[in-house]
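These notes concern the structure reproduced below.
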Amino acid sequence: MPDDVRRGEGFFLPAATLWRRELVRFVRDRHRLLGAILQPFVFWLLLGIGMSASFSPAGMAGTMSYLEYIYPGALLMVLLFTAIFSTISVVEDRREGFMQAVLVAPVSPSGVVIGKVLGGTTLAVLEGVVFLLFVFQLDIPVSPVSLVATVAFLFLVGLALTGLGFAIAWRMASTAGFHAIMNLFLLPMWALSGALFPLSGVPEWLAWVMRINPLTYGVAGVRHMLYLHAPELTGQVPSPETCLLVTCLFVLLTLSVSLGVIKRREGAR
Amino acid sequence: MSPAIAVSGLRHRYGDRMALDGINLRIEKGEVYGMLGPNGGGKTTLFRVLTTLLEPTDGTVRILGRDPLRDSAGIRARIGVVFQHASLDLKLTAFENLRHQGHLYGLRGRSLQERIESALRTVRLADRRDDRTEDLSGGLRRRVDLARGLLHRPELLLFDEPSSGLDPLARRAMWDDLRRLRGERGVTVLLTTHFIEEAERCDRVGILDRGRLVAEGAPEALKRSMNKDVVVIEADHTEALKADIEAQLNASTVLVDGTVRIECDDGQAMMASLYAGFRERISAIRLGRPTLEDVFIRETGRPFATGEGGNAG
């Protein structure tokens with residue numbers, strides 16, 4: 001073996017090269033570039049404008065339009081969609097054989113998880129930043145600090161969602177299965193996160209579902225960061241500290257599960 | 001010097017099915033060893049064990065003197081693996097794929113650059129380095145994939161079905177690459193195949209069927225061990241012809257690919273009596289030396305199922 005080939009398991013360089021690959025693939029795939037932004041945007045406008053005209057849900061801060069209310073949720077939807085797209089690539093990598101070559105290389109499993117998940121998260125946050133430009137259209141008087149804090153929080157939620165996608169996708173044989181999971185699990189998780197309606201007006205059992213849903217703390221956290229100038233506008237949501245803590249735990253959990261599924265080698269004595 | 005691969009008592013069970021049932025195998029450094037077998041015979045399972053991807057149910061495995069259960073990282077740094085389906089990112093160029101591969105092995109900078117150029121030269125694709133791999137033909141992709149497997153200059157190359165999905169021309173090009181590689185760098189090669197002709201090009205062949213290594217040796221020695229002639233008959237109604245030949249000439253016959261195949265001590269005499277007895281029912285008749293296919297038939301009692309399709313096993 002030549003001297004410059006690494007002897008042990010690598011972490012940083014393999015993770016970096018996997019991360020970079022995610023970005024290159026994304027740029028070369030124009031459909032993905034648009035899809036992840038366009039769908040939440042259309043969804044946000046249609047739902048926001050349509051609902052604003054008809055309803056003023058209970059428990060929502062007084063003067064806020066529905067379009068403004070669901071904006072943080074729409075931001076998270078951008079993250080969710082980008083995370084889903086990038087984890088679908090996990091299924092494709094496995095099916096098309098690309099991942100086999102990675103798995104027989106001397107690379108630590110955590111390097112593979114971090115490279116893939118960080119790649120997906122980077123894309124998710126970049127798309128989120130583009131969507132964040134609409135904040136000026138809404139006349140929310142965000143300060144630079146508030147914007148930076150929002151992006152930082154989006155990054156955390158992006159890590160958690162991409163990690164979740166990775167953990168689900170790793171064992172999947174086809175992307176069709178992933179679409180089923182997305183519709184039955186990921187989208188309801190998003191809908192019941194306080195993105196569409198606040199926790200305060202719903203029946204108690206549903207409120208509990210929303211309290212258990214870790215994404216509730218993601219949406220609330222983003223709300224807090226956007227309304228640093230006027231905390232009363234966030235309505236009755238968990239405190240910023242709770243949101244940060246739960247979201248960090250969510251990240252740790254999904255990354256550990258991802259590491260667990262990739263480490264489990266086939267067969268055993 | 002420790003062998004490149006030493007395996008003893010290897011078993012692997014998927015549920016109720018024994019995919020590998022007591023494999024003993026020793027491959028010396030510098031050999032080109034072909035693992036021949038039908039799809040479903042256990043080749044893929046063995047390949048996954050040897051590439052450290054699968055932990056077997058039982059048995060000891062040593063790759064380049066190392067135990068995959070203890071030092072899989074050490075093995076992985078020293079083996080090159082090329083899978084049946086090219087492990088390339090089709091959205092990336094040949095160069096980018098190889099750079100990605102190099103990074104996985106801790107290679108970088110100028111040294112990596114030089115290796116990539118040299119690996120592409122080895123498979124004679126230096127002029128295609130900036131083409132996206134999705135734009136390359138299956139044969140060229142396979143060669144880029146071979147360059148990928150060789151980038152870190154492994155001591156042992158594990159190659160799953162080298163000519164699967166390749167046309168005859170691309171097949172020959174692939175073999176030219178393999179030969180040059182062995183000649184220039186002394187790389188040990190273990191390949192799996194379900195093509196008889198491919199197996200005959202190896203230094204040694206193992207025949208794997210139903211999880212067992214039923215025969216092993218140099219192709220010539222295996223064929224000599226048959227010590228017999230083979231008569232092949234083409235006819236319109238092979239089933240009926242086979243039955244009649246068996247009844248009248250007391251010969252052992254097998255149906256293979258629409259031909260009747262007869263193994264006998266004296267081919268000339270057999271042809272004479274066949275011609276005397278069945279002349280009008282035979283459209284063509286040929287006397288040949290035994291092939292590895294005949295070895296397979298002798299050891300398993302079944303014809304060797306050929307053809308592409310299916311990658312289980």
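Ligands are numbered from 1 in the order shown, chains are lettered A, B, ... in the order of the structure tokens, and residues start at 1 in each chain.
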Inset, instruction - Using only C-alpha atoms, find the residues of chain B whose closest atom to chain A is at most 7 Å away, then write them as a ChimeraX atom specification. - result: /B:51,53-58,73-74,76-78,85-89,91,100,103-107,152-155
Inset, instruction - Would you kindly return, as a list in words, each protein, DNA or RNA residue with an atom no farther than 10 Å from any atom of Leu146 in chain B, considering only C-alpha atoms and excluding same-chain residues fewer than 2 positions away? - result: Gly80, Val81, Val82, Phe83, Ala86, Ser87, Ala119, Leu120, Thr122, Val123, Leu140, Arg141, Arg142, Arg143, Val144, Arg148, Gly149, Leu150, Leu151, Leu157, Phe159, Pro162, Met174, Asp177 and Leu178 of chain B
Inset, instruction - Apply DSSP to the backbone of this structure and, from range 13-248 of chain A, keep only the residues in helix (DSSP H, G or I); write these as a PyMOL selection string. - result: chain A and resi 13-28+30-54+66-69+71-96+98-103+109-135+144-169+175-195+199-201+204-212+214-226+231-234+240-248
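A straight line drawn from CA of Leu213 in chain B to CA of Asp67 in chain B is 21.6 Å long.
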Inset, instruction - Could you give me, as a PyMOL selection string, the residues within 8 Å of Tyr66 in chain A, counting only C-alpha atoms and dropping anything in the same chain fewer than 4 positions from it? - result: chain A and resi 48-49+51-52+56+70
Quick one: write out the picked residues with C-alpha atoms as a compact mmCIF listing (two decimals), in the first residue's frame?
```
# COMPACT_ATOMS: atom_id res chain seq x y z
CA GLY A 48 -52.44 32.34 3.19
CA ILE A 49 -54.46 34.63 0.94
CA MET A 51 -57.68 31.71 4.47
CA SER A 52 -57.03 35.33 5.41
CA SER A 56 -59.52 34.51 11.88
CA ILE A 70 -48.23 30.58 8.33
```
Inset, instruction - May I have the residues within 12 Å of range 214-216 of chain A as JSON, numbers by chain, using only C-alpha atoms and disregarding those fewer than 5 positions away in the same chain? - result: {"A": [72, 73, 76, 77, 79, 80, 154, 156, 157, 158, 160, 161, 164, 186, 187, 188, 189, 190, 191, 192, 193, 194, 195, 196, 197, 198, 199, 207, 208, 209, 221, 222, 223, 237, 238, 239, 240, 242, 243, 244, 245, 246, 247, 248, 249, 250, 251, 253, 254]}
Inset, instruction - Excluding range 134-147 of chain A and any residue of its chain fewer than 3 positions from it, enumerate the residues within 12 Å of it, using only C-alpha atoms, and give them as a VMD selection string. - result: chain A and resid 37 41 44 to 45 48 64 to 72 74 to 75 128 to 131 150 to 154 221 to 231 233
Inset, instruction - Write down as a ChimeraX atom specification the residues belonging to range 21-216 of chain B that are assigned strand (DSSP E or B) by DSSP computed on the backbone. - result: /B:21-27,32-36,54,58-63,66,79-82,93,132,156-160,188-193,204-209,212-216
Inset, instruction - Would you kindly return, as JSON, numbers by chain, each protein, DNA or RNA residue with an atom no farther than 9 Å from any atom of Ser89 in chain A, considering only C-alpha atoms and excluding same-chain residues fewer than 5 positions away? - result: {"A": [22, 84, 94, 169, 175]}
What does the file look like for those residues with C-alpha atoms, as a CSV table (one decimal), in the first residue's frame?
```csv
chain,number,residue,atom,x,y,z
A,22,GLU,CA,-24.5,16.9,-2.6
A,84,ILE,CA,-36.8,15.0,1.6
A,94,ARG,CA,-28.0,2.7,-2.3
A,169,ALA,CA,-34.3,6.3,3.8
A,175,THR,CA,-38.2,5.8,-3.6
```
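When CA of Asp244 in chain B is paired with CA of Arg289 in chain B, their separation reads 23.8 Å.
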